[in-house]
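Dumped input05.tsv below, it's TSV, C-alpha atoms:
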```
chain	number	residue	atom	x	y	z
A	26	MET	CA	70.67	-26.53	11.08
A	27	ILE	CA	68.50	-24.18	13.13
A	28	LEU	CA	65.05	-25.31	14.20
A	29	LYS	CA	62.10	-23.66	15.84
A	30	LEU	CA	60.30	-26.26	17.93
A	31	ASN	CA	56.92	-25.99	19.60
A	32	ILE	CA	57.35	-27.88	22.86
A	33	ASN	CA	54.52	-27.75	25.39
A	34	ASN	CA	53.10	-24.68	23.62
A	35	LYS	CA	56.35	-22.71	23.92
A	36	PHE	CA	58.74	-22.06	21.05
A	37	TYR	CA	62.42	-22.97	21.30
A	38	ASN	CA	65.12	-22.08	18.78
A	39	THR	CA	67.87	-24.65	18.69
A	40	ASN	CA	70.82	-25.63	16.55
A	41	ILE	CA	70.90	-29.34	15.71
A	42	GLU	CA	72.75	-31.91	13.62
A	43	SER	CA	70.67	-32.91	10.57
A	44	ASP	CA	70.45	-36.55	11.71
A	45	GLU	CA	69.85	-35.95	15.41
A	46	SER	CA	66.92	-37.64	17.11
A	47	LEU	CA	64.21	-35.65	18.84
A	48	LEU	CA	65.10	-37.50	22.06
A	49	VAL	CA	68.61	-36.01	22.13
A	50	VAL	CA	67.36	-32.52	21.31
A	51	LEU	CA	64.63	-32.59	23.95
A	52	ARG	CA	67.07	-33.70	26.64
A	53	HIS	CA	69.54	-30.98	25.60
A	54	LEU	CA	66.75	-28.46	25.97
A	55	GLY	CA	66.16	-29.66	29.53
A	56	PHE	CA	63.16	-31.96	29.11
A	57	LYS	CA	64.63	-34.69	31.28
A	58	SER	CA	61.29	-36.49	31.71
A	59	VAL	CA	61.97	-37.87	28.22
A	60	LYS	CA	64.17	-40.84	29.09
A	61	LYS	CA	66.82	-42.58	27.06
A	62	GLY	CA	66.29	-46.32	27.41
A	63	CYS	CA	67.10	-48.78	24.65
A	64	ASP	CA	67.58	-45.94	22.11
A	65	THR	CA	66.60	-48.40	19.37
A	66	GLY	CA	62.81	-48.08	19.25
A	67	THR	CA	61.78	-50.89	21.55
A	68	CYS	CA	61.27	-49.87	25.18
A	69	GLY	CA	58.98	-46.84	24.86
A	70	VAL	CA	60.49	-44.71	27.66
A	71	CYS	CA	61.35	-41.94	25.19
A	72	SER	CA	57.71	-41.55	24.12
A	73	VAL	CA	56.37	-38.05	23.56
A	74	LEU	CA	53.16	-36.82	21.95
A	75	ILE	CA	53.56	-35.35	18.49
A	76	ASP	CA	50.34	-33.66	17.40
A	77	GLY	CA	48.65	-35.67	20.15
A	78	LYS	CA	49.92	-39.08	19.05
A	79	PRO	CA	52.42	-41.08	21.11
A	80	ARG	CA	55.68	-41.58	19.20
A	81	LEU	CA	59.16	-42.81	20.00
A	82	SER	CA	61.41	-39.76	20.09
A	83	CYS	CA	64.57	-41.89	19.75
A	84	GLN	CA	63.64	-42.71	16.15
A	85	PHE	CA	61.93	-39.43	15.26
A	86	LEU	CA	64.18	-36.98	13.48
A	87	ALA	CA	64.37	-33.65	15.27
A	88	ALA	CA	64.58	-31.95	11.85
A	89	ARG	CA	61.11	-33.28	11.08
A	90	ALA	CA	59.61	-31.96	14.29
A	91	GLN	CA	59.44	-28.34	13.15
A	92	GLY	CA	55.83	-27.34	12.54
A	93	HIS	CA	54.48	-30.02	14.85
A	94	LYS	CA	53.22	-29.76	18.40
A	95	ILE	CA	55.43	-31.71	20.82
A	96	THR	CA	54.13	-32.56	24.27
A	97	THR	CA	56.22	-34.01	27.07
A	98	VAL	CA	54.83	-34.94	30.47
A	99	GLU	CA	55.84	-31.48	31.76
A	100	GLY	CA	53.37	-30.03	29.26
A	101	LEU	CA	50.42	-32.03	30.59
A	102	GLY	CA	50.59	-30.15	33.91
A	103	LYS	CA	47.45	-30.72	35.97
A	104	LYS	CA	46.02	-33.01	33.29
A	105	ALA	CA	48.52	-35.65	34.37
A	106	ASP	CA	47.49	-35.61	38.05
A	107	ALA	CA	44.63	-38.11	37.78
A	108	ILE	CA	46.83	-40.60	35.89
A	109	ILE	CA	49.74	-40.21	38.30
A	110	ASP	CA	47.41	-40.61	41.31
A	111	ALA	CA	45.87	-43.76	39.81
A	112	ILE	CA	49.33	-45.31	39.31
A	113	VAL	CA	50.77	-44.18	42.68
A	114	ASN	CA	47.69	-45.36	44.61
A	115	GLU	CA	48.39	-48.89	43.40
A	116	GLY	CA	52.07	-48.68	44.44
A	117	ALA	CA	52.94	-49.06	40.78
A	118	ASP	CA	55.38	-46.17	40.52
A	119	GLN	CA	58.52	-48.11	41.37
A	120	CYS	CA	61.82	-46.71	40.04
A	121	GLY	CA	59.85	-44.15	38.05
A	122	TYR	CA	61.90	-44.45	34.87
A	123	CYS	CA	59.02	-45.54	32.63
A	124	GLY	CA	56.55	-43.26	34.46
A	125	PRO	CA	56.53	-40.16	32.21
A	126	SER	CA	56.08	-42.17	29.01
A	127	LEU	CA	53.39	-44.31	30.62
A	128	VAL	CA	51.49	-41.20	31.75
A	129	LEU	CA	51.73	-39.64	28.28
A	130	THR	CA	50.64	-42.81	26.50
A	131	THR	CA	47.75	-43.30	28.94
A	132	TYR	CA	46.68	-39.69	28.34
A	133	ALA	CA	46.65	-40.32	24.56
A	134	MET	CA	44.86	-43.65	25.07
A	135	LYS	CA	42.05	-42.01	27.07
A	136	LYS	CA	41.45	-39.64	24.16
A	137	GLU	CA	41.67	-42.33	21.48
A	138	LEU	CA	39.83	-45.35	22.91
A	139	LYS	CA	36.10	-44.81	22.73
A	140	ASP	CA	35.16	-48.11	24.34
A	141	PRO	CA	38.11	-49.24	26.50
A	142	THR	CA	38.45	-52.82	27.71
A	143	VAL	CA	41.25	-54.58	29.59
A	144	ASN	CA	42.52	-56.13	26.36
A	145	LYS	CA	42.44	-52.81	24.50
A	146	ILE	CA	44.38	-51.14	27.35
A	147	LYS	CA	47.00	-53.92	27.35
A	148	HIS	CA	47.32	-53.68	23.59
A	149	TYR	CA	47.67	-49.90	23.65
A	150	LEU	CA	50.36	-50.03	26.32
A	151	ALA	CA	52.31	-52.98	24.87
A	152	GLY	CA	55.09	-50.65	23.75
A	153	ASN	CA	55.69	-49.29	27.27
A	154	LEU	CA	58.22	-51.55	28.92
A	155	CYS	CA	58.77	-51.31	32.68
A	156	ARG	CA	62.20	-52.42	33.88
A	157	CYS	CA	60.76	-53.11	37.37
A	158	SER	CA	58.12	-55.31	35.64
A	159	GLY	CA	55.44	-53.53	37.65
A	160	TYR	CA	52.77	-54.19	35.05
A	161	GLU	CA	50.06	-55.61	37.34
A	162	GLY	CA	50.01	-52.54	39.57
A	163	GLN	CA	50.16	-50.20	36.60
A	164	LEU	CA	47.27	-52.02	34.95
A	165	ARG	CA	45.14	-51.88	38.11
A	166	GLY	CA	45.66	-48.14	38.36
A	167	ILE	CA	45.15	-47.42	34.69
A	168	LYS	CA	42.00	-49.57	34.57
A	169	LYS	CA	40.53	-47.41	37.32
A	170	TYR	CA	41.55	-44.23	35.52
A	171	MET	CA	39.98	-45.51	32.29
A	172	GLY	CA	36.80	-46.60	34.12
A	173	VAL	CA	37.28	-50.28	33.24
A	174	LYS	CA	36.51	-53.04	35.75
L	13	MET	CA	71.99	-44.16	10.38
L	14	ARG	CA	73.88	-40.93	9.68
L	15	PHE	CA	73.51	-38.28	7.02
L	16	GLU	CA	75.20	-34.94	6.60
L	17	LYS	CA	72.37	-33.03	4.95
L	18	PHE	CA	68.61	-33.06	5.53
L	19	VAL	CA	66.43	-31.83	2.68
L	20	GLN	CA	62.69	-31.39	2.28
L	21	PRO	CA	62.02	-31.04	-1.47
L	22	GLU	CA	58.98	-29.09	-2.60
L	23	ASN	CA	57.76	-31.81	-4.94
L	24	LEU	CA	58.37	-35.40	-6.00
L	25	LYS	CA	60.22	-34.44	-9.17
L	26	THR	CA	62.84	-32.48	-7.22
L	27	ALA	CA	63.12	-35.33	-4.72
L	28	LEU	CA	63.73	-37.82	-7.53
L	29	ASP	CA	66.33	-35.52	-9.10
L	30	ILE	CA	68.27	-35.38	-5.83
L	31	LEU	CA	67.99	-39.16	-5.44
L	32	LYS	CA	69.24	-39.77	-8.98
L	33	LYS	CA	72.08	-37.22	-8.94
L	34	ASP	CA	73.45	-38.19	-5.53
L	35	SER	CA	74.03	-41.93	-5.34
L	36	ASN	CA	74.67	-41.67	-1.60
L	37	SER	CA	71.34	-40.05	-0.78
L	38	VAL	CA	68.42	-41.86	0.81
L	39	ILE	CA	64.67	-41.39	0.98
L	40	LEU	CA	63.64	-41.21	4.63
L	41	GLY	CA	60.61	-43.27	5.62
L	42	GLY	CA	59.58	-43.62	9.25
L	43	THR	CA	63.30	-43.59	10.27
L	44	THR	CA	62.73	-46.53	12.61
L	45	PHE	CA	66.32	-47.57	11.81
L	46	LEU	CA	67.71	-44.19	12.88
L	47	ARG	CA	69.66	-45.73	15.77
L	48	LEU	CA	69.82	-49.31	14.52
L	49	SER	CA	71.69	-48.87	11.27
L	50	ASP	CA	75.34	-47.88	10.79
L	51	ASN	CA	74.79	-46.73	7.20
L	52	ARG	CA	76.16	-43.31	6.30
L	53	TYR	CA	74.54	-41.13	3.64
L	54	SER	CA	75.31	-37.71	2.24
L	55	THR	CA	71.68	-36.57	2.10
L	56	GLY	CA	68.48	-37.63	3.84
L	57	ILE	CA	65.49	-36.78	1.65
L	58	ASP	CA	62.34	-36.14	3.67
L	59	LEU	CA	58.98	-36.29	1.88
L	60	SER	CA	56.76	-35.73	4.90
L	61	ASN	CA	55.54	-32.36	3.56
L	62	LEU	CA	54.42	-33.80	0.21
L	63	LYS	CA	50.99	-35.03	1.35
L	64	LEU	CA	51.80	-38.72	0.91
L	65	ASP	CA	49.94	-39.56	4.10
L	66	PHE	CA	46.44	-40.59	2.96
L	67	ILE	CA	43.96	-43.43	2.58
L	68	LYS	CA	41.49	-42.96	-0.28
L	69	GLU	CA	38.73	-45.19	-1.51
L	70	ASN	CA	36.69	-45.43	-4.70
L	71	ASP	CA	34.33	-48.12	-6.04
L	72	HIS	CA	37.15	-50.40	-7.17
L	73	GLN	CA	40.21	-49.78	-5.05
L	74	ILE	CA	41.84	-48.39	-1.94
L	75	GLU	CA	44.90	-46.16	-2.24
L	76	ILE	CA	47.35	-45.76	0.60
L	77	GLY	CA	49.99	-43.02	0.49
L	78	ALA	CA	53.55	-44.18	1.08
L	79	TYR	CA	53.96	-41.94	4.15
L	80	THR	CA	50.86	-43.32	5.87
L	81	SER	CA	51.82	-44.69	9.27
L	82	LEU	CA	51.27	-48.34	10.10
L	83	ARG	CA	49.10	-47.27	13.04
L	84	THR	CA	46.84	-45.23	10.73
L	85	ILE	CA	46.38	-48.30	8.52
L	86	GLU	CA	45.71	-50.49	11.56
L	87	THR	CA	42.92	-48.23	12.83
L	88	ASP	CA	41.44	-46.83	9.60
L	89	PRO	CA	37.73	-47.68	9.20
L	90	VAL	CA	38.03	-48.11	5.40
L	91	ILE	CA	40.89	-50.62	5.71
L	92	ASN	CA	39.08	-52.39	8.55
L	93	LYS	CA	36.00	-52.84	6.38
L	94	TYR	CA	37.77	-54.89	3.73
L	95	PHE	CA	39.82	-58.07	3.45
L	96	GLY	CA	38.66	-59.52	6.79
L	97	ASN	CA	40.94	-57.24	8.84
L	98	LEU	CA	43.94	-58.86	7.16
L	99	LEU	CA	46.08	-55.71	7.20
L	100	PRO	CA	45.30	-54.59	10.79
L	101	LYS	CA	45.97	-58.13	12.03
L	102	SER	CA	49.38	-58.14	10.39
L	103	LEU	CA	50.29	-54.89	12.15
L	104	GLU	CA	48.71	-54.99	15.59
L	105	ASN	CA	51.58	-56.77	17.36
L	106	LEU	CA	54.49	-54.89	15.85
L	107	ILE	CA	56.41	-53.56	18.87
L	108	GLY	CA	54.06	-50.85	20.17
L	109	ILE	CA	51.72	-48.08	19.16
L	110	GLN	CA	54.48	-45.46	19.48
L	111	PHE	CA	56.59	-47.43	16.99
L	112	ARG	CA	53.71	-47.94	14.56
L	113	ASN	CA	52.90	-44.19	14.69
L	114	ASN	CA	56.43	-43.60	13.35
L	115	ALA	CA	56.79	-46.47	10.84
L	116	THR	CA	55.40	-45.83	7.37
L	117	ILE	CA	53.92	-48.30	4.90
L	118	GLY	CA	56.31	-47.03	2.19
L	119	GLY	CA	59.35	-47.67	4.37
L	120	ALA	CA	58.07	-51.12	5.35
L	121	ILE	CA	57.60	-52.12	1.70
L	122	PHE	CA	60.62	-50.47	0.11
L	123	SER	CA	63.04	-51.96	2.64
L	124	ARG	CA	61.79	-55.48	1.74
L	125	LEU	CA	62.60	-56.77	5.21
L	126	GLY	CA	62.27	-60.46	5.98
L	127	PHE	CA	60.37	-59.93	9.22
L	128	SER	CA	57.83	-57.55	7.66
L	129	GLU	CA	54.36	-58.93	8.40
L	130	ILE	CA	52.55	-56.39	6.22
L	131	ILE	CA	54.45	-57.74	3.19
L	132	THR	CA	53.11	-61.25	3.94
L	133	ALA	CA	49.57	-59.84	4.13
L	134	LEU	CA	49.78	-57.63	1.02
L	135	LEU	CA	51.05	-60.55	-1.09
L	136	VAL	CA	47.65	-62.27	-0.97
L	137	LEU	CA	45.78	-59.14	-2.07
L	138	ASP	CA	45.51	-57.77	-5.59
L	139	CYS	CA	48.03	-55.04	-4.99
L	140	GLU	CA	50.07	-52.62	-7.09
L	141	LEU	CA	52.71	-50.07	-6.20
L	142	GLU	CA	53.09	-46.70	-7.86
L	143	PHE	CA	56.57	-45.21	-8.26
L	144	GLU	CA	57.53	-41.72	-9.34
L	145	GLU	CA	59.79	-42.97	-12.16
L	146	ASN	CA	58.84	-46.59	-12.88
L	147	GLY	CA	55.06	-46.07	-12.68
L	148	LYS	CA	52.88	-48.96	-11.59
L	149	ILE	CA	54.44	-52.31	-10.66
L	150	ALA	CA	52.69	-55.40	-9.29
L	151	PHE	CA	53.48	-55.81	-5.59
L	152	ASN	CA	54.67	-59.40	-5.99
L	153	LYS	CA	57.01	-58.36	-8.80
L	154	PHE	CA	58.58	-55.58	-6.74
L	155	ILE	CA	59.12	-57.82	-3.72
L	156	SER	CA	61.09	-60.33	-5.75
L	157	ASN	CA	63.00	-57.74	-7.81
L	158	TRP	CA	65.88	-55.94	-6.11
L	159	ASN	CA	66.77	-53.86	-9.18
L	160	ILE	CA	64.41	-51.05	-8.28
L	161	LYS	CA	66.45	-49.11	-5.76
L	162	ARG	CA	66.64	-45.49	-6.86
L	163	ASP	CA	62.99	-44.57	-7.17
L	164	ILE	CA	60.29	-43.12	-4.95
L	165	LEU	CA	57.30	-45.21	-3.89
L	166	THR	CA	54.32	-42.87	-3.80
L	167	LYS	CA	51.32	-45.09	-3.13
L	168	ILE	CA	49.97	-48.60	-2.69
L	169	ILE	CA	46.84	-49.53	-4.64
L	170	ILE	CA	44.71	-52.44	-3.44
L	171	LYS	CA	41.81	-53.72	-5.56
L	172	LYS	CA	38.62	-54.33	-3.63
L	173	LYS	CA	37.63	-57.98	-3.85
L	174	LYS	CA	34.90	-60.04	-2.26
L	175	GLY	CA	35.97	-63.11	-0.34
L	176	LYS	CA	37.67	-64.24	2.81
L	177	SER	CA	41.18	-63.87	4.13
L	178	SER	CA	43.16	-64.88	7.17
L	179	TYR	CA	46.42	-63.85	8.82
L	180	LYS	CA	48.19	-66.17	11.29
L	181	MET	CA	51.60	-66.03	12.89
L	182	LEU	CA	53.73	-67.39	15.68
L	183	ARG	CA	55.90	-65.20	17.89
L	184	ASN	CA	57.70	-65.75	21.18
L	185	SER	CA	56.19	-62.76	22.94
L	186	SER	CA	53.46	-60.29	22.10
L	187	ALA	CA	55.57	-57.40	20.79
L	188	ASP	CA	58.43	-59.41	19.27
L	189	PHE	CA	59.04	-60.08	15.58
L	190	THR	CA	57.38	-63.25	14.30
L	191	ILE	CA	58.96	-66.68	13.88
L	192	LEU	CA	56.66	-67.34	10.94
L	193	SER	CA	53.76	-65.47	9.35
L	194	VAL	CA	51.11	-66.79	6.97
L	195	ALA	CA	48.43	-64.99	4.97
L	196	VAL	CA	45.70	-66.73	2.99
L	197	SER	CA	43.00	-65.20	0.79
L	198	ASN	CA	40.22	-66.67	-1.29
L	199	PHE	CA	38.99	-64.03	-3.74
L	200	ASP	CA	39.26	-65.23	-7.35
L	201	SER	CA	41.39	-68.18	-6.24
L	202	ILE	CA	43.29	-69.26	-3.15
L	203	LYS	CA	46.49	-67.29	-2.47
L	204	ILE	CA	48.92	-68.27	0.27
L	205	ALA	CA	51.98	-66.29	1.40
L	206	VAL	CA	54.54	-67.43	3.94
L	207	GLY	CA	56.80	-64.86	5.58
L	208	THR	CA	59.59	-64.54	8.16
L	209	ARG	CA	61.18	-67.73	6.85
L	210	PRO	CA	63.27	-65.66	8.00
L	211	SER	CA	63.85	-64.26	4.51
L	212	ILE	CA	61.22	-62.14	2.80
L	213	ALA	CA	57.67	-63.42	2.36
L	214	LYS	CA	56.82	-65.33	-0.80
L	215	LEU	CA	53.67	-66.41	-2.56
L	216	SER	CA	52.94	-70.09	-3.00
L	217	GLN	CA	52.91	-71.19	-6.64
L	218	LYS	CA	50.84	-74.28	-5.89
L	219	ALA	CA	48.06	-72.55	-3.97
L	220	ALA	CA	46.03	-71.57	-7.04
L	221	GLN	CA	45.76	-75.24	-8.09
L	222	LEU	CA	44.46	-76.41	-4.73
L	223	LYS	CA	41.19	-78.24	-4.91
L	224	ILE	CA	39.91	-78.57	-1.39
L	225	SER	CA	36.56	-80.31	-1.48
L	226	ASP	CA	36.21	-80.95	2.25
L	227	ASN	CA	37.92	-80.27	5.57
L	228	SER	CA	39.84	-83.53	5.57
L	229	LYS	CA	41.87	-82.29	2.59
L	230	ILE	CA	43.02	-79.09	4.32
L	231	ASP	CA	45.69	-80.84	6.35
L	232	GLU	CA	47.10	-82.49	3.24
L	233	ALA	CA	47.04	-79.19	1.31
L	234	ALA	CA	48.79	-77.32	4.14
L	235	LYS	CA	51.62	-79.88	4.19
L	236	LEU	CA	51.99	-79.61	0.43
L	237	ILE	CA	52.19	-75.80	0.55
L	238	ALA	CA	54.65	-75.75	3.45
L	239	LYS	CA	56.99	-78.07	1.51
L	240	GLU	CA	57.21	-75.51	-1.26
L	241	PHE	CA	59.19	-73.02	0.87
L	242	ASN	CA	62.78	-72.89	2.08
L	243	PHE	CA	63.33	-72.02	5.71
L	244	GLY	CA	66.40	-70.64	7.44
L	245	ASP	CA	67.80	-69.97	10.91
L	246	ASP	CA	67.86	-66.76	12.91
L	247	LEU	CA	68.07	-65.95	16.60
L	248	ARG	CA	64.36	-66.63	17.05
L	249	ALA	CA	64.11	-70.11	15.49
L	250	LYS	CA	65.96	-72.80	13.56
L	251	SER	CA	64.90	-73.85	10.07
L	252	ASP	CA	63.76	-77.27	11.41
L	253	TYR	CA	61.37	-75.60	13.79
L	254	ARG	CA	59.99	-73.36	11.06
L	255	LYS	CA	59.52	-76.42	8.82
L	256	LYS	CA	57.49	-78.14	11.56
L	257	ILE	CA	55.22	-75.21	12.36
L	258	ALA	CA	54.64	-74.03	8.77
L	259	PRO	CA	52.01	-76.69	7.86
L	260	VAL	CA	50.21	-76.09	11.17
L	261	ILE	CA	49.93	-72.34	10.65
L	262	VAL	CA	49.00	-72.71	6.97
L	263	ARG	CA	46.28	-75.23	7.98
L	264	ARG	CA	44.84	-72.86	10.58
L	265	ALA	CA	44.72	-69.99	8.08
L	266	LEU	CA	43.18	-72.22	5.37
L	267	GLN	CA	40.54	-73.48	7.78
L	268	GLU	CA	39.55	-69.93	8.64
L	269	VAL	CA	39.21	-68.99	4.98
L	270	LEU	CA	37.39	-72.12	3.84
L	271	LYS	CA	35.00	-72.64	6.74
```

Turn the structure described in the file into structure tokens.
Amino acid sequence: MILKLNINNKFYNTNIESDESLLVVLRHLGFKSVKKGCDTGTCGVCSVLIDGKPRLSCQFLAARAQGHKITTVEGLGKKADAIIDAIVNEGADQCGYCGPSLVLTTYAMKKELKDPTVNKIKHYLAGNLCRCSGYEGQLRGIKKYMGVK
Amino acid sequence: MRFEKFVQPENLKTALDILKKDSNSVILGGTTFLRLSDNRYSTGIDLSNLKLDFIKENDHQIEIGAYTSLRTIETDPVINKYFGNLLPKSLENLIGIQFRNNATIGGAIFSRLGFSEIITALLVLDCELEFEENGKIAFNKFISNWNIKRDILTKIIIKKKKGKSSYKMLRNSSADFTILSVAVSNFDSIKIAVGTRPSIAKLSQKAAQLKISDNSKIDEAAKLIAKEFNFGDDLRAKSDYRKKIAPVIVRRALQEVLK
């Protein structure tokens, strides 16, 4: 089936299988920041924003994505800089595999959490697994970005 | 999970027709099993354009559309106002926010999965389900009846009640499935549900007869309730372990409701 997808405010026409995941389609289209990790809805590295909400693209049907606004970390552009700086300044960007999804989820969290606390940040990011287990550094950086002591 | 054809019917009637005519078709929920299941279907029926994503409230009840995401339920101010946060508590540790933004309440209920925490919580509320063909069915009846397979769940209706409720569980790590889940409510009478046994959650039959005059009786009551259920093994815990922790978790939930 042929789809017209809005990815990072640009339209892409693509031919897909009816049961293909958005993750596979995005990677075929060249959005390699969207990583394939567990591919079973657990690790979070395939996260993208769909209409501003973080979702796992490995379990989101590409066929359903038409008519929605998909954002990958490439689409955040300059808006991602402050998050990336906060993480890098704490030496928390280790292998980098979970980085794009962490940046996207943090971006969504900043918009959603009106009164952030350490516990609320941890809860929001619980679905972002880091295979280097660099959570402490990530948390330090993200706390600073969120303005939480 | 594989399917050859993807359809987005214009209304529920057409969707039901497709479901009835094609015995190898499936209604797509949050598709959280997209990569976990090996099932093959001829047609995947998508209802995401049929406005089944809603939470409505009137004086007597709350209605939740079947396509409402678990994350929406977890954060909705109307849901958070009632039932002592029972529903949000049963959802907040399920994998991660990205997963709960995908998973739908309809999919969670219709699949009748043993590890479903929201089923444990809904069992202690006065809850009905509305189906396109079968109409309204009590939640408890649907959970224990596997005959309803080829129908479309459209909404969940929860009666507003005054009283207390509690949700307790045990899990190995914060985003894992639970080893055991317990929900207790005290609206018209005490209701207790035990889930992840690891089979599907069930309501206690003895709970309504409980007469707990003081705190010292809670421990005794919790042991009595826990004995009522069968427990099994899975990769997270053995039945013996579940048997040991069940009275402890039931006691904690009862204490919270009765204090």

>> Please check the contacts: residues of chain A at most 8 Å away from chain L, using all atoms listed in the file, listed as JSON, numbers by chain.
In response: {"A": [43, 44, 46, 64, 65, 66, 67, 69, 72, 78, 79, 80, 81, 83, 84, 85, 86, 88, 89, 149, 150, 151, 152, 153]}

> Which value, in Å to one decimal, gives the distance between atom CA of L:Ile261 and atom CA of L:Cys139?
Replying inline: 23.4 Å

>> Just to confirm, what's the straight-line distance from atom CA of L:Trp158 to atom CA of L:Ile257 in Å (one decimal)?
In response: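 Computed distance, atom CA of L:Trp158 to atom CA of L:Ile257, equals 28.7 Å.
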
> Contacts of A:Pro141 at 9 Å or less, counting only C-alpha atoms, minus same-chain residues fewer than 2 places along, as a VMD selection string?
Replying inline: chain A and resid 134 to 135 138 to 139 143 to 146 168 171 to 173

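Note that the spacing between atom CA of L:Ser156 and atom CA of L:Arg52 amounts to 25.7 Å.
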
> Taking only C-alpha atoms into account, which of A:Asn31, A:Gln163, A:Asn40, A:Ser58 comes nearest A:Glu115?
Replying inline: A:Gln163

> List as a list in words: which residues have an atom within 9 Å of (47.7, -44.2, -2.0), counting all atoms listed in the file?
Replying inline: Leu64, Asp65, Phe66, Ile67, Lys68, Ile74, Glu75, Ile76, Gly77, Ala78, Thr80, Leu141, Glu142, Thr166, Lys167, Ile168, Ile169 and Ile170 of chain L

Kindly export the residues of the current selection with C-alpha atoms, as a compact mmCIF listing (two decimals), in the frame of the given file.
```txt
# COMPACT_ATOMS: atom_id res chain seq x y z
CA LEU L 64 51.80 -38.72 0.91
CA ASP L 65 49.94 -39.56 4.10
CA PHE L 66 46.44 -40.59 2.96
CA ILE L 67 43.96 -43.43 2.58
CA LYS L 68 41.49 -42.96 -0.28
CA ILE L 74 41.84 -48.39 -1.94
CA GLU L 75 44.90 -46.16 -2.24
CA ILE L 76 47.35 -45.76 0.60
CA GLY L 77 49.99 -43.02 0.49
CA ALA L 78 53.55 -44.18 1.08
CA THR L 80 50.86 -43.32 5.87
CA LEU L 141 52.71 -50.07 -6.20
CA GLU L 142 53.09 -46.70 -7.86
CA THR L 166 54.32 -42.87 -3.80
CA LYS L 167 51.32 -45.09 -3.13
CA ILE L 168 49.97 -48.60 -2.69
CA ILE L 169 46.84 -49.53 -4.64
CA ILE L 170 44.71 -52.44 -3.44
```

> Which one is closest to L:Ala120: L:Lys255, L:Asn146, L:Ser102, L:Gly41? Count all atoms listed in the file.
Replying inline: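 Comparing L:Lys255, L:Asn146, L:Ser102, L:Gly41 against L:Ala120, the winner is L:Gly41.
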
> What's the 10 Å shell around A:Tyr37, counting only C-alpha atoms, without same-chain residues fewer than 4 positions away, as a list in words?
Replying inline: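 Result of the neighbour search: Leu28, Lys29, Leu30, Asn31, Ile32 and Leu54 of chain A.
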
> Using all atoms listed in the file, which residue out of L:Asn159, L:Ser177, L:Gln217, L:Asn152 lies closest to L:Asp200?
Replying inline: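 Using all atoms listed in the file, the shortest distance to L:Asp200 belongs to L:Ser177.
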
Using the atoms already present, construct N, CA and C atoms for stretch 86-98 of chain L and hand them back as a PDB file, in the frame of the given file.
```pdb
ATOM      1  N   GLU L  86      46.278 -49.543  10.585  1.00  0.00           N
ATOM      2  CA  GLU L  86      45.710 -50.490  11.560  1.00  0.00           C
ATOM      3  C   GLU L  86      44.340 -50.038  12.062  1.00  0.00           C
ATOM      4  N   THR L  87      44.147 -48.728  12.195  1.00  0.00           N
ATOM      5  CA  THR L  87      42.920 -48.230  12.830  1.00  0.00           C
ATOM      6  C   THR L  87      41.940 -47.597  11.830  1.00  0.00           C
ATOM      7  N   ASP L  88      42.298 -47.531  10.562  1.00  0.00           N
ATOM      8  CA  ASP L  88      41.440 -46.830   9.600  1.00  0.00           C
ATOM      9  C   ASP L  88      40.160 -47.618   9.318  1.00  0.00           C
ATOM     10  N   PRO L  89      39.001 -46.962   9.406  1.00  0.00           N
ATOM     11  CA  PRO L  89      37.730 -47.680   9.200  1.00  0.00           C
ATOM     12  C   PRO L  89      37.592 -48.275   7.790  1.00  0.00           C
ATOM     13  N   VAL L  90      38.133 -47.597   6.782  1.00  0.00           N
ATOM     14  CA  VAL L  90      38.030 -48.110   5.400  1.00  0.00           C
ATOM     15  C   VAL L  90      38.821 -49.425   5.280  1.00  0.00           C
ATOM     16  N   ILE L  91      40.044 -49.413   5.778  1.00  0.00           N
ATOM     17  CA  ILE L  91      40.890 -50.620   5.710  1.00  0.00           C
ATOM     18  C   ILE L  91      40.243 -51.750   6.534  1.00  0.00           C
ATOM     19  N   ASN L  92      39.684 -51.378   7.675  1.00  0.00           N
ATOM     20  CA  ASN L  92      39.080 -52.390   8.550  1.00  0.00           C
ATOM     21  C   ASN L  92      37.830 -53.033   7.953  1.00  0.00           C
ATOM     22  N   LYS L  93      37.238 -52.346   6.986  1.00  0.00           N
ATOM     23  CA  LYS L  93      36.000 -52.840   6.380  1.00  0.00           C
ATOM     24  C   LYS L  93      36.286 -53.959   5.362  1.00  0.00           C
ATOM     25  N   TYR L  94      37.483 -53.946   4.821  1.00  0.00           N
ATOM     26  CA  TYR L  94      37.770 -54.890   3.730  1.00  0.00           C
ATOM     27  C   TYR L  94      38.801 -55.953   4.123  1.00  0.00           C
ATOM     28  N   PHE L  95      38.797 -57.002   3.371  1.00  0.00           N
ATOM     29  CA  PHE L  95      39.820 -58.070   3.450  1.00  0.00           C
ATOM     30  C   PHE L  95      39.855 -58.767   4.813  1.00  0.00           C
ATOM     31  N   GLY L  96      38.727 -58.776   5.525  1.00  0.00           N
ATOM     32  CA  GLY L  96      38.660 -59.520   6.790  1.00  0.00           C
ATOM     33  C   GLY L  96      39.705 -59.081   7.800  1.00  0.00           C
ATOM     34  N   ASN L  97      39.952 -57.798   7.882  1.00  0.00           N
ATOM     35  CA  ASN L  97      40.940 -57.240   8.840  1.00  0.00           C
ATOM     36  C   ASN L  97      42.354 -57.780   8.629  1.00  0.00           C
ATOM     37  N   LEU L  98      42.627 -58.266   7.455  1.00  0.00           N
ATOM     38  CA  LEU L  98      43.940 -58.860   7.160  1.00  0.00           C
ATOM     39  C   LEU L  98      45.091 -57.890   7.477  1.00  0.00           C
TER      40      LEU L  98
END
```
